[in-house]
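Below is target14.cif, which holds mmCIF, N, CA and C atoms.
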```cif
data_my_file
loop_
_atom_site.label_atom_id
_atom_site.label_comp_id
_atom_site.auth_asym_id
_atom_site.auth_seq_id
_atom_site.Cartn_x
_atom_site.Cartn_y
_atom_site.Cartn_z
N MET Y 1 0.83 -1.17 0.00
CA MET Y 1 0.00 0.00 0.00
C MET Y 1 0.88 1.23 0.00
N GLU Y 2 0.48 2.25 -0.76
CA GLU Y 2 1.25 3.48 -0.80
C GLU Y 2 1.24 4.16 0.57
N ALA Y 3 2.41 4.57 1.01
CA ALA Y 3 2.56 5.23 2.30
C ALA Y 3 2.06 6.67 2.22
N ALA Y 4 1.83 7.25 3.36
CA ALA Y 4 1.49 8.66 3.48
C ALA Y 4 2.73 9.41 3.98
N TYR Y 5 2.70 10.71 3.92
CA TYR Y 5 3.74 11.56 4.48
C TYR Y 5 5.12 11.34 3.86
N TYR Y 6 5.21 11.54 2.56
CA TYR Y 6 6.51 11.48 1.89
C TYR Y 6 6.46 12.37 0.67
N GLU Y 7 7.63 12.61 0.12
CA GLU Y 7 7.76 13.37 -1.13
C GLU Y 7 8.95 12.81 -1.90
N ILE Y 8 8.97 13.05 -3.18
CA ILE Y 8 10.11 12.67 -4.00
C ILE Y 8 10.98 13.91 -4.14
N ASP Y 9 12.24 13.81 -3.75
CA ASP Y 9 13.11 14.98 -3.81
C ASP Y 9 13.75 15.12 -5.20
N PRO Y 10 14.41 16.24 -5.47
CA PRO Y 10 14.98 16.46 -6.80
C PRO Y 10 15.99 15.41 -7.25
N SER Y 11 16.62 14.69 -6.31
CA SER Y 11 17.58 13.66 -6.67
C SER Y 11 16.89 12.35 -7.08
N GLY Y 12 15.56 12.28 -6.94
CA GLY Y 12 14.82 11.09 -7.30
C GLY Y 12 14.61 10.12 -6.16
N GLN Y 13 15.08 10.48 -4.97
CA GLN Y 13 14.87 9.63 -3.80
C GLN Y 13 13.56 10.03 -3.11
N ALA Y 14 12.99 9.07 -2.40
CA ALA Y 14 11.81 9.36 -1.59
C ALA Y 14 12.31 9.92 -0.26
N ARG Y 15 11.65 10.96 0.21
CA ARG Y 15 11.98 11.52 1.52
C ARG Y 15 10.78 11.29 2.42
N CYS Y 16 10.93 10.41 3.37
CA CYS Y 16 9.86 10.06 4.30
C CYS Y 16 9.70 11.19 5.31
N ARG Y 17 8.47 11.56 5.59
CA ARG Y 17 8.17 12.62 6.55
C ARG Y 17 7.37 12.11 7.75
N LEU Y 18 7.34 10.80 7.95
CA LEU Y 18 6.52 10.26 9.02
C LEU Y 18 7.13 10.51 10.39
N CYS Y 19 8.43 10.41 10.52
CA CYS Y 19 9.08 10.61 11.82
C CYS Y 19 10.20 11.64 11.68
N PRO Y 20 10.80 12.04 12.78
CA PRO Y 20 11.86 13.06 12.73
C PRO Y 20 13.15 12.63 12.02
N HIS Y 21 13.31 11.36 11.68
CA HIS Y 21 14.52 10.94 10.97
C HIS Y 21 14.53 11.41 9.52
N HIS Y 22 13.36 11.62 8.93
CA HIS Y 22 13.23 12.13 7.55
C HIS Y 22 14.15 11.37 6.60
N CYS Y 23 14.03 10.07 6.57
CA CYS Y 23 14.89 9.21 5.76
C CYS Y 23 14.83 9.59 4.27
N HIS Y 24 15.99 9.60 3.63
CA HIS Y 24 16.10 9.68 2.18
C HIS Y 24 16.25 8.24 1.71
N ILE Y 25 15.29 7.76 0.94
CA ILE Y 25 15.27 6.35 0.57
C ILE Y 25 15.44 6.20 -0.93
N ALA Y 26 16.52 5.56 -1.32
CA ALA Y 26 16.80 5.33 -2.74
C ALA Y 26 15.92 4.19 -3.27
N GLN Y 27 15.76 4.17 -4.57
CA GLN Y 27 14.95 3.12 -5.19
C GLN Y 27 15.49 1.74 -4.80
N GLY Y 28 14.57 0.86 -4.40
CA GLY Y 28 14.95 -0.50 -4.02
C GLY Y 28 15.43 -0.64 -2.58
N HIS Y 29 15.29 0.42 -1.79
CA HIS Y 29 15.76 0.39 -0.40
C HIS Y 29 14.63 0.72 0.57
N ARG Y 30 14.92 0.48 1.86
CA ARG Y 30 13.99 0.77 2.94
C ARG Y 30 14.52 1.88 3.82
N GLY Y 31 13.61 2.49 4.58
CA GLY Y 31 14.00 3.50 5.55
C GLY Y 31 14.50 2.87 6.83
N ARG Y 32 14.85 3.68 7.77
CA ARG Y 32 15.40 3.22 9.05
C ARG Y 32 14.45 2.27 9.78
N CYS Y 33 13.15 2.50 9.66
CA CYS Y 33 12.16 1.67 10.33
C CYS Y 33 11.98 0.30 9.68
N GLN Y 34 12.53 0.10 8.50
CA GLN Y 34 12.44 -1.14 7.73
C GLN Y 34 11.04 -1.43 7.17
N THR Y 35 10.11 -0.51 7.33
CA THR Y 35 8.75 -0.76 6.86
C THR Y 35 8.37 0.10 5.67
N ARG Y 36 9.20 1.06 5.31
CA ARG Y 36 8.91 1.93 4.19
C ARG Y 36 9.90 1.64 3.07
N TYR Y 37 9.39 1.25 1.92
CA TYR Y 37 10.18 0.79 0.78
C TYR Y 37 9.87 1.66 -0.43
N TYR Y 38 10.91 2.13 -1.11
CA TYR Y 38 10.72 2.96 -2.29
C TYR Y 38 10.89 2.12 -3.54
N ASP Y 39 9.81 1.96 -4.29
CA ASP Y 39 9.82 1.13 -5.49
C ASP Y 39 10.20 1.89 -6.76
N GLY Y 40 10.56 3.16 -6.61
CA GLY Y 40 10.93 3.98 -7.76
C GLY Y 40 9.80 4.89 -8.23
N ARG Y 41 8.59 4.59 -7.80
CA ARG Y 41 7.43 5.44 -8.12
C ARG Y 41 6.80 6.00 -6.86
N ASN Y 42 6.54 5.10 -5.90
CA ASN Y 42 5.87 5.48 -4.65
C ASN Y 42 6.60 4.87 -3.47
N LEU Y 43 6.42 5.52 -2.33
CA LEU Y 43 6.91 4.94 -1.08
C LEU Y 43 5.82 3.99 -0.59
N GLN Y 44 6.21 2.76 -0.31
CA GLN Y 44 5.26 1.73 0.09
C GLN Y 44 5.35 1.48 1.60
N ALA Y 45 4.19 1.32 2.24
CA ALA Y 45 4.12 0.95 3.65
C ALA Y 45 3.96 -0.57 3.70
N LEU Y 46 5.07 -1.26 3.94
CA LEU Y 46 5.07 -2.72 3.88
C LEU Y 46 4.31 -3.37 5.03
N ASN Y 47 4.15 -2.67 6.13
CA ASN Y 47 3.49 -3.27 7.29
C ASN Y 47 2.03 -2.86 7.42
N TYR Y 48 1.47 -2.22 6.43
CA TYR Y 48 0.08 -1.79 6.51
C TYR Y 48 -0.85 -3.00 6.70
N GLY Y 49 -1.67 -2.95 7.72
CA GLY Y 49 -2.61 -4.02 7.99
C GLY Y 49 -2.01 -5.28 8.59
N GLN Y 50 -0.73 -5.28 8.88
CA GLN Y 50 -0.06 -6.45 9.45
C GLN Y 50 0.01 -6.33 10.97
N CYS Y 51 -0.23 -7.40 11.65
CA CYS Y 51 -0.16 -7.43 13.11
C CYS Y 51 0.78 -8.56 13.51
N THR Y 52 1.78 -8.23 14.33
CA THR Y 52 2.71 -9.26 14.78
C THR Y 52 2.52 -9.61 16.25
N ALA Y 53 1.80 -8.77 16.97
CA ALA Y 53 1.55 -9.05 18.38
C ALA Y 53 0.22 -8.44 18.79
N ILE Y 54 -0.53 -9.21 19.54
CA ILE Y 54 -1.80 -8.72 20.09
C ILE Y 54 -1.96 -9.37 21.46
N ALA Y 55 -2.33 -8.55 22.45
CA ALA Y 55 -2.46 -9.07 23.81
C ALA Y 55 -3.41 -8.19 24.61
N LEU Y 56 -4.02 -8.78 25.58
CA LEU Y 56 -4.82 -8.07 26.55
C LEU Y 56 -3.94 -7.91 27.78
N ASP Y 57 -3.54 -6.68 28.06
CA ASP Y 57 -2.60 -6.40 29.14
C ASP Y 57 -3.28 -5.68 30.30
N PRO Y 58 -2.72 -5.79 31.49
CA PRO Y 58 -3.21 -4.97 32.61
C PRO Y 58 -2.92 -3.50 32.32
N ILE Y 59 -3.85 -2.63 32.61
CA ILE Y 59 -3.67 -1.21 32.31
C ILE Y 59 -2.47 -0.61 33.04
N GLU Y 60 -2.09 -1.22 34.16
CA GLU Y 60 -0.96 -0.71 34.93
C GLU Y 60 0.35 -0.78 34.15
N LYS Y 61 0.38 -1.55 33.09
CA LYS Y 61 1.57 -1.70 32.25
C LYS Y 61 1.75 -0.51 31.31
N LYS Y 62 0.72 0.30 31.15
CA LYS Y 62 0.70 1.40 30.18
C LYS Y 62 0.75 2.75 30.88
N PRO Y 63 1.00 3.82 30.11
CA PRO Y 63 0.99 5.16 30.70
C PRO Y 63 -0.40 5.59 31.18
N LEU Y 64 -1.42 4.80 30.90
CA LEU Y 64 -2.79 5.13 31.30
C LEU Y 64 -3.18 4.49 32.63
N TYR Y 65 -2.20 4.02 33.40
CA TYR Y 65 -2.50 3.19 34.57
C TYR Y 65 -3.44 3.85 35.58
N ARG Y 66 -3.54 5.16 35.59
CA ARG Y 66 -4.44 5.83 36.55
C ARG Y 66 -5.85 6.01 36.00
N PHE Y 67 -6.04 5.67 34.73
CA PHE Y 67 -7.33 5.88 34.09
C PHE Y 67 -8.41 4.97 34.65
N HIS Y 68 -8.18 3.68 34.66
CA HIS Y 68 -9.10 2.69 35.23
C HIS Y 68 -8.27 1.59 35.88
N PRO Y 69 -7.71 1.84 37.06
CA PRO Y 69 -6.88 0.82 37.71
C PRO Y 69 -7.61 -0.51 37.82
N GLY Y 70 -6.88 -1.59 37.56
CA GLY Y 70 -7.46 -2.92 37.64
C GLY Y 70 -8.13 -3.39 36.37
N SER Y 71 -8.18 -2.54 35.34
CA SER Y 71 -8.81 -2.95 34.08
C SER Y 71 -7.77 -3.44 33.09
N ALA Y 72 -8.24 -3.86 31.93
CA ALA Y 72 -7.35 -4.38 30.88
C ALA Y 72 -7.36 -3.44 29.68
N ILE Y 73 -6.31 -3.54 28.88
CA ILE Y 73 -6.19 -2.72 27.67
C ILE Y 73 -5.66 -3.60 26.54
N LEU Y 74 -6.16 -3.36 25.34
CA LEU Y 74 -5.72 -4.11 24.17
C LEU Y 74 -4.43 -3.50 23.64
N SER Y 75 -3.40 -4.32 23.51
CA SER Y 75 -2.12 -3.89 22.95
C SER Y 75 -1.92 -4.61 21.63
N LEU Y 76 -1.57 -3.88 20.59
CA LEU Y 76 -1.23 -4.53 19.33
C LEU Y 76 -0.11 -3.77 18.66
N GLY Y 77 0.63 -4.49 17.83
CA GLY Y 77 1.77 -3.88 17.17
C GLY Y 77 2.12 -4.60 15.89
N SER Y 78 3.01 -3.97 15.14
CA SER Y 78 3.42 -4.50 13.85
C SER Y 78 4.94 -4.44 13.74
N TRP Y 79 5.45 -4.87 12.60
CA TRP Y 79 6.89 -4.79 12.35
C TRP Y 79 7.32 -3.35 12.27
N GLY Y 80 8.58 -3.14 12.57
CA GLY Y 80 9.21 -1.86 12.31
C GLY Y 80 9.25 -0.91 13.48
N CYS Y 81 10.36 -0.22 13.57
CA CYS Y 81 10.54 0.83 14.56
C CYS Y 81 11.69 1.70 14.09
N ASN Y 82 11.62 2.98 14.36
CA ASN Y 82 12.70 3.87 13.95
C ASN Y 82 13.70 4.13 15.07
N PHE Y 83 13.58 3.41 16.16
CA PHE Y 83 14.53 3.49 17.26
C PHE Y 83 15.25 2.15 17.42
N THR Y 84 16.38 2.16 18.08
CA THR Y 84 17.10 0.92 18.39
C THR Y 84 17.52 0.97 19.86
N CYS Y 85 16.54 1.02 20.73
CA CYS Y 85 16.79 1.15 22.16
C CYS Y 85 17.40 -0.14 22.71
N PRO Y 86 18.49 -0.04 23.47
CA PRO Y 86 19.14 -1.25 23.99
C PRO Y 86 18.30 -1.99 25.03
N PHE Y 87 17.31 -1.35 25.60
CA PHE Y 87 16.47 -1.96 26.63
C PHE Y 87 15.11 -2.42 26.10
N CYS Y 88 14.92 -2.40 24.79
CA CYS Y 88 13.62 -2.71 24.20
C CYS Y 88 13.16 -4.12 24.54
N GLN Y 89 11.90 -4.23 24.98
CA GLN Y 89 11.32 -5.53 25.29
C GLN Y 89 10.78 -6.21 24.04
N ASN Y 90 10.60 -5.44 22.97
CA ASN Y 90 9.95 -5.96 21.76
C ASN Y 90 10.90 -6.01 20.56
N TRP Y 91 12.20 -6.06 20.80
CA TRP Y 91 13.15 -5.96 19.70
C TRP Y 91 12.98 -7.06 18.67
N GLN Y 92 12.51 -8.23 19.09
CA GLN Y 92 12.38 -9.35 18.14
C GLN Y 92 11.37 -9.02 17.04
N ILE Y 93 10.32 -8.28 17.37
CA ILE Y 93 9.34 -7.94 16.34
C ILE Y 93 9.53 -6.52 15.81
N SER Y 94 9.99 -5.61 16.65
CA SER Y 94 10.08 -4.22 16.19
C SER Y 94 11.23 -4.02 15.19
N GLN Y 95 12.25 -4.85 15.25
CA GLN Y 95 13.38 -4.72 14.35
C GLN Y 95 13.35 -5.74 13.21
N GLN Y 96 12.31 -6.51 13.14
CA GLN Y 96 12.15 -7.50 12.07
C GLN Y 96 11.76 -6.79 10.78
N GLU Y 97 12.29 -7.25 9.65
CA GLU Y 97 11.91 -6.68 8.36
C GLU Y 97 10.50 -7.10 8.00
N ALA Y 98 9.73 -6.17 7.50
CA ALA Y 98 8.39 -6.50 7.02
C ALA Y 98 8.52 -7.28 5.72
N PRO Y 99 7.74 -8.31 5.54
CA PRO Y 99 7.83 -9.10 4.30
C PRO Y 99 7.17 -8.37 3.13
N PHE Y 100 7.62 -8.69 1.94
CA PHE Y 100 6.97 -8.16 0.73
C PHE Y 100 5.73 -8.97 0.45
N GLY Y 101 4.89 -8.44 -0.41
CA GLY Y 101 3.72 -9.19 -0.88
C GLY Y 101 2.55 -9.15 0.06
N ASN Y 102 2.31 -8.00 0.67
CA ASN Y 102 1.17 -7.88 1.58
C ASN Y 102 -0.07 -8.06 0.77
#
```

Represent the supplied structure as structure tokens.
Amino acid sequence: MEAAYYEIDPSGQARCRLCPHHCHIAQGHRGRCQTRYYDGRNLQALNYGQCTAIALDPIEKKPLYRFHPGSAILSLGSWGCNFTCPFCQNWQISQQEAPFGN
């Protein structure tokens, strides 16, 4: 699926505007998050509609813990992240490359 928030710069590369990294992505390559791929015409969101993790978590695990203490919250996520935090609990899925052929 075609990604949002990008432009093609004068050099012919895609410039992603989704996050502060503003990746310049050459044809046939991906951005830092590994989920945005430039096919030479459009920037593609490879992880659109893909889910790699889904769980019902205690709300205390989230920044909303004071909202409804003792309740549950739905957590879901997909491939890709533009950070490489050394303490990441989700590195196995957040740093995984999104597959082609969605």

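Interatomic distance, atom N of Ile54 in chain Y against atom N of Trp79 in chain Y: 10.1 Å.
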
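From CA of Pro86 in chain Y back to CA of Thr52 in chain Y, the distance works out to 20.5 Å.
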
Original post:
When the PyMOL selection byres ((chain Y and resi 22-39) around 6.5) is applied to the file above, which residues end up in the set, as number ranges by chain?
Top reply: Y: 12-21, 40-47, 79-83, 96-98

Keeping only N, CA and C atoms, write the selected residues to a file as a CSV table (one decimal), in the frame of the given file.
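Writing done, so here's again-v8.csv:
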```
chain,number,residue,atom,x,y,z
Y,12,GLY,N,15.6,12.3,-6.9
Y,12,GLY,CA,14.8,11.1,-7.3
Y,12,GLY,C,14.6,10.1,-6.2
Y,13,GLN,N,15.1,10.5,-5.0
Y,13,GLN,CA,14.9,9.6,-3.8
Y,13,GLN,C,13.6,10.0,-3.1
Y,14,ALA,N,13.0,9.1,-2.4
Y,14,ALA,CA,11.8,9.4,-1.6
Y,14,ALA,C,12.3,9.9,-0.3
Y,15,ARG,N,11.6,11.0,0.2
Y,15,ARG,CA,12.0,11.5,1.5
Y,15,ARG,C,10.8,11.3,2.4
Y,16,CYS,N,10.9,10.4,3.4
Y,16,CYS,CA,9.9,10.1,4.3
Y,16,CYS,C,9.7,11.2,5.3
Y,17,ARG,N,8.5,11.6,5.6
Y,17,ARG,CA,8.2,12.6,6.6
Y,17,ARG,C,7.4,12.1,7.8
Y,18,LEU,N,7.3,10.8,8.0
Y,18,LEU,CA,6.5,10.3,9.0
Y,18,LEU,C,7.1,10.5,10.4
Y,19,CYS,N,8.4,10.4,10.5
Y,19,CYS,CA,9.1,10.6,11.8
Y,19,CYS,C,10.2,11.6,11.7
Y,20,PRO,N,10.8,12.0,12.8
Y,20,PRO,CA,11.9,13.1,12.7
Y,20,PRO,C,13.2,12.6,12.0
Y,21,HIS,N,13.3,11.4,11.7
Y,21,HIS,CA,14.5,10.9,11.0
Y,21,HIS,C,14.5,11.4,9.5
Y,40,GLY,N,10.6,3.2,-6.6
Y,40,GLY,CA,10.9,4.0,-7.8
Y,40,GLY,C,9.8,4.9,-8.2
Y,41,ARG,N,8.6,4.6,-7.8
Y,41,ARG,CA,7.4,5.4,-8.1
Y,41,ARG,C,6.8,6.0,-6.9
Y,42,ASN,N,6.5,5.1,-5.9
Y,42,ASN,CA,5.9,5.5,-4.6
Y,42,ASN,C,6.6,4.9,-3.5
Y,43,LEU,N,6.4,5.5,-2.3
Y,43,LEU,CA,6.9,4.9,-1.1
Y,43,LEU,C,5.8,4.0,-0.6
Y,44,GLN,N,6.2,2.8,-0.3
Y,44,GLN,CA,5.3,1.7,0.1
Y,44,GLN,C,5.4,1.5,1.6
Y,45,ALA,N,4.2,1.3,2.2
Y,45,ALA,CA,4.1,1.0,3.6
Y,45,ALA,C,4.0,-0.6,3.7
Y,46,LEU,N,5.1,-1.3,3.9
Y,46,LEU,CA,5.1,-2.7,3.9
Y,46,LEU,C,4.3,-3.4,5.0
Y,47,ASN,N,4.2,-2.7,6.1
Y,47,ASN,CA,3.5,-3.3,7.3
Y,47,ASN,C,2.0,-2.9,7.4
Y,79,TRP,N,5.4,-4.9,12.6
Y,79,TRP,CA,6.9,-4.8,12.4
Y,79,TRP,C,7.3,-3.4,12.3
Y,80,GLY,N,8.6,-3.1,12.6
Y,80,GLY,CA,9.2,-1.9,12.3
Y,80,GLY,C,9.2,-0.9,13.5
Y,81,CYS,N,10.4,-0.2,13.6
Y,81,CYS,CA,10.5,0.8,14.6
Y,81,CYS,C,11.7,1.7,14.1
Y,82,ASN,N,11.6,3.0,14.4
Y,82,ASN,CA,12.7,3.9,14.0
Y,82,ASN,C,13.7,4.1,15.1
Y,83,PHE,N,13.6,3.4,16.2
Y,83,PHE,CA,14.5,3.5,17.3
Y,83,PHE,C,15.2,2.2,17.4
Y,96,GLN,N,12.3,-6.5,13.1
Y,96,GLN,CA,12.2,-7.5,12.1
Y,96,GLN,C,11.8,-6.8,10.8
Y,97,GLU,N,12.3,-7.2,9.6
Y,97,GLU,CA,11.9,-6.7,8.4
Y,97,GLU,C,10.5,-7.1,8.0
Y,98,ALA,N,9.7,-6.2,7.5
Y,98,ALA,CA,8.4,-6.5,7.0
Y,98,ALA,C,8.5,-7.3,5.7
```

**OP:** Name the residues captured by the PyMOL selection byres (((chain Y and resi 53 and name CA) around 10) and name CA) when it is applied to the shown file; answer as a PyMOL selection string.
**Re:** chain Y and resi 50-52+54-55+75-79+90+93

Could you write out the selected residues, including N, CA and C atoms, as a compact mmCIF listing (two decimals), in the coordinates of the input?
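To be explicit, this is the file written out as part-v5.txt:
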```
# COMPACT_ATOMS: atom_id res chain seq x y z
N GLN Y 50 -0.73 -5.28 8.88
CA GLN Y 50 -0.06 -6.45 9.45
C GLN Y 50 0.01 -6.33 10.97
N CYS Y 51 -0.23 -7.40 11.65
CA CYS Y 51 -0.16 -7.43 13.11
C CYS Y 51 0.78 -8.56 13.51
N THR Y 52 1.78 -8.23 14.33
CA THR Y 52 2.71 -9.26 14.78
C THR Y 52 2.52 -9.61 16.25
N ILE Y 54 -0.53 -9.21 19.54
CA ILE Y 54 -1.80 -8.72 20.09
C ILE Y 54 -1.96 -9.37 21.46
N ALA Y 55 -2.33 -8.55 22.45
CA ALA Y 55 -2.46 -9.07 23.81
C ALA Y 55 -3.41 -8.19 24.61
N SER Y 75 -3.40 -4.32 23.51
CA SER Y 75 -2.12 -3.89 22.95
C SER Y 75 -1.92 -4.61 21.63
N LEU Y 76 -1.57 -3.88 20.59
CA LEU Y 76 -1.23 -4.53 19.33
C LEU Y 76 -0.11 -3.77 18.66
N GLY Y 77 0.63 -4.49 17.83
CA GLY Y 77 1.77 -3.88 17.17
C GLY Y 77 2.12 -4.60 15.89
N SER Y 78 3.01 -3.97 15.14
CA SER Y 78 3.42 -4.50 13.85
C SER Y 78 4.94 -4.44 13.74
N TRP Y 79 5.45 -4.87 12.60
CA TRP Y 79 6.89 -4.79 12.35
C TRP Y 79 7.32 -3.35 12.27
N ASN Y 90 10.60 -5.44 22.97
CA ASN Y 90 9.95 -5.96 21.76
C ASN Y 90 10.90 -6.01 20.56
N ILE Y 93 10.32 -8.28 17.37
CA ILE Y 93 9.34 -7.94 16.34
C ILE Y 93 9.53 -6.52 15.81
```

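Coordinates place atom C of Ala4 in chain Y at a distance of 13.6 Å from atom N of Gly49 in chain Y.
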
Go ahead and fit an axis-aligned box to every listed atom of range 38-44 of chain Y plus 5 Å each side, and pass me the centre and edge lengths in Å, one decimal, as AutoDock Vina command-line options.
```
--center_x 8.1 --center_y 3.6 --center_z -3.3 --size_x 15.7 --size_y 14.9 --size_z 19.8
```

**OP:** Within range 1-88 of chain Y, find each residue whose DSSP state, derived from the backbone, is strand (DSSP E), and express the selection as a list in words.
**Re:** Tyr6, Glu7, Ile8, Ala14, Arg15, Cys16, His24, Ile25, Arg36, Tyr37, Tyr38, Leu43, Gln44, Ala45, Ala53, Ile54, Ala55, Leu56, Asp57, Pro58, Ala72, Ile73, Leu74, Ser75, Leu76 and Gly77 of chain Y

Write the selection just made, keeping N, CA and C atoms, as a PDB file, in the frame of the given file?
```
ATOM      1  N   TYR Y   6       5.210  11.540   2.560  1.00  0.00           N
ATOM      2  CA  TYR Y   6       6.510  11.480   1.890  1.00  0.00           C
ATOM      3  C   TYR Y   6       6.460  12.370   0.670  1.00  0.00           C
ATOM      4  N   GLU Y   7       7.630  12.610   0.120  1.00  0.00           N
ATOM      5  CA  GLU Y   7       7.760  13.370  -1.130  1.00  0.00           C
ATOM      6  C   GLU Y   7       8.950  12.810  -1.900  1.00  0.00           C
ATOM      7  N   ILE Y   8       8.970  13.050  -3.180  1.00  0.00           N
ATOM      8  CA  ILE Y   8      10.110  12.670  -4.000  1.00  0.00           C
ATOM      9  C   ILE Y   8      10.980  13.910  -4.140  1.00  0.00           C
ATOM     10  N   ALA Y  14      12.990   9.070  -2.400  1.00  0.00           N
ATOM     11  CA  ALA Y  14      11.810   9.360  -1.590  1.00  0.00           C
ATOM     12  C   ALA Y  14      12.310   9.920  -0.260  1.00  0.00           C
ATOM     13  N   ARG Y  15      11.650  10.960   0.210  1.00  0.00           N
ATOM     14  CA  ARG Y  15      11.980  11.520   1.520  1.00  0.00           C
ATOM     15  C   ARG Y  15      10.780  11.290   2.420  1.00  0.00           C
ATOM     16  N   CYS Y  16      10.930  10.410   3.370  1.00  0.00           N
ATOM     17  CA  CYS Y  16       9.860  10.060   4.300  1.00  0.00           C
ATOM     18  C   CYS Y  16       9.700  11.190   5.310  1.00  0.00           C
ATOM     19  N   HIS Y  24      15.990   9.600   3.630  1.00  0.00           N
ATOM     20  CA  HIS Y  24      16.100   9.680   2.180  1.00  0.00           C
ATOM     21  C   HIS Y  24      16.250   8.240   1.710  1.00  0.00           C
ATOM     22  N   ILE Y  25      15.290   7.760   0.940  1.00  0.00           N
ATOM     23  CA  ILE Y  25      15.270   6.350   0.570  1.00  0.00           C
ATOM     24  C   ILE Y  25      15.440   6.200  -0.930  1.00  0.00           C
ATOM     25  N   ARG Y  36       9.200   1.060   5.310  1.00  0.00           N
ATOM     26  CA  ARG Y  36       8.910   1.930   4.190  1.00  0.00           C
ATOM     27  C   ARG Y  36       9.900   1.640   3.070  1.00  0.00           C
ATOM     28  N   TYR Y  37       9.390   1.250   1.920  1.00  0.00           N
ATOM     29  CA  TYR Y  37      10.180   0.790   0.780  1.00  0.00           C
ATOM     30  C   TYR Y  37       9.870   1.660  -0.430  1.00  0.00           C
ATOM     31  N   TYR Y  38      10.910   2.130  -1.110  1.00  0.00           N
ATOM     32  CA  TYR Y  38      10.720   2.960  -2.290  1.00  0.00           C
ATOM     33  C   TYR Y  38      10.890   2.120  -3.540  1.00  0.00           C
ATOM     34  N   LEU Y  43       6.420   5.520  -2.330  1.00  0.00           N
ATOM     35  CA  LEU Y  43       6.910   4.940  -1.080  1.00  0.00           C
ATOM     36  C   LEU Y  43       5.820   3.990  -0.590  1.00  0.00           C
ATOM     37  N   GLN Y  44       6.210   2.760  -0.310  1.00  0.00           N
ATOM     38  CA  GLN Y  44       5.260   1.730   0.090  1.00  0.00           C
ATOM     39  C   GLN Y  44       5.350   1.480   1.600  1.00  0.00           C
ATOM     40  N   ALA Y  45       4.190   1.320   2.240  1.00  0.00           N
ATOM     41  CA  ALA Y  45       4.120   0.950   3.650  1.00  0.00           C
ATOM     42  C   ALA Y  45       3.960  -0.570   3.700  1.00  0.00           C
ATOM     43  N   ALA Y  53       1.800  -8.770  16.970  1.00  0.00           N
ATOM     44  CA  ALA Y  53       1.550  -9.050  18.380  1.00  0.00           C
ATOM     45  C   ALA Y  53       0.220  -8.440  18.790  1.00  0.00           C
ATOM     46  N   ILE Y  54      -0.530  -9.210  19.540  1.00  0.00           N
ATOM     47  CA  ILE Y  54      -1.800  -8.720  20.090  1.00  0.00           C
ATOM     48  C   ILE Y  54      -1.960  -9.370  21.460  1.00  0.00           C
ATOM     49  N   ALA Y  55      -2.330  -8.550  22.450  1.00  0.00           N
ATOM     50  CA  ALA Y  55      -2.460  -9.070  23.810  1.00  0.00           C
ATOM     51  C   ALA Y  55      -3.410  -8.190  24.610  1.00  0.00           C
ATOM     52  N   LEU Y  56      -4.020  -8.780  25.580  1.00  0.00           N
ATOM     53  CA  LEU Y  56      -4.820  -8.070  26.550  1.00  0.00           C
ATOM     54  C   LEU Y  56      -3.940  -7.910  27.780  1.00  0.00           C
ATOM     55  N   ASP Y  57      -3.540  -6.680  28.060  1.00  0.00           N
ATOM     56  CA  ASP Y  57      -2.600  -6.400  29.140  1.00  0.00           C
ATOM     57  C   ASP Y  57      -3.280  -5.680  30.300  1.00  0.00           C
ATOM     58  N   PRO Y  58      -2.720  -5.790  31.490  1.00  0.00           N
ATOM     59  CA  PRO Y  58      -3.210  -4.970  32.610  1.00  0.00           C
ATOM     60  C   PRO Y  58      -2.920  -3.500  32.320  1.00  0.00           C
ATOM     61  N   ALA Y  72      -8.240  -3.860  31.930  1.00  0.00           N
ATOM     62  CA  ALA Y  72      -7.350  -4.380  30.880  1.00  0.00           C
ATOM     63  C   ALA Y  72      -7.360  -3.440  29.680  1.00  0.00           C
ATOM     64  N   ILE Y  73      -6.310  -3.540  28.880  1.00  0.00           N
ATOM     65  CA  ILE Y  73      -6.190  -2.720  27.670  1.00  0.00           C
ATOM     66  C   ILE Y  73      -5.660  -3.600  26.540  1.00  0.00           C
ATOM     67  N   LEU Y  74      -6.160  -3.360  25.340  1.00  0.00           N
ATOM     68  CA  LEU Y  74      -5.720  -4.110  24.170  1.00  0.00           C
ATOM     69  C   LEU Y  74      -4.430  -3.500  23.640  1.00  0.00           C
ATOM     70  N   SER Y  75      -3.400  -4.320  23.510  1.00  0.00           N
ATOM     71  CA  SER Y  75      -2.120  -3.890  22.950  1.00  0.00           C
ATOM     72  C   SER Y  75      -1.920  -4.610  21.630  1.00  0.00           C
ATOM     73  N   LEU Y  76      -1.570  -3.880  20.590  1.00  0.00           N
ATOM     74  CA  LEU Y  76      -1.230  -4.530  19.330  1.00  0.00           C
ATOM     75  C   LEU Y  76      -0.110  -3.770  18.660  1.00  0.00           C
ATOM     76  N   GLY Y  77       0.630  -4.490  17.830  1.00  0.00           N
ATOM     77  CA  GLY Y  77       1.770  -3.880  17.170  1.00  0.00           C
ATOM     78  C   GLY Y  77       2.120  -4.600  15.890  1.00  0.00           C
TER      79      GLY Y  77
END
```

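Residue membership of the PyMOL selection byres (((chain Y and resi 71 and name CA) around 9) and name CA) in the shown file amounts to Asp57, Pro58, Ile59, Glu60, Tyr65, Phe67, His68, Pro69, Gly70, Ala72 and Ile73 of chain Y.
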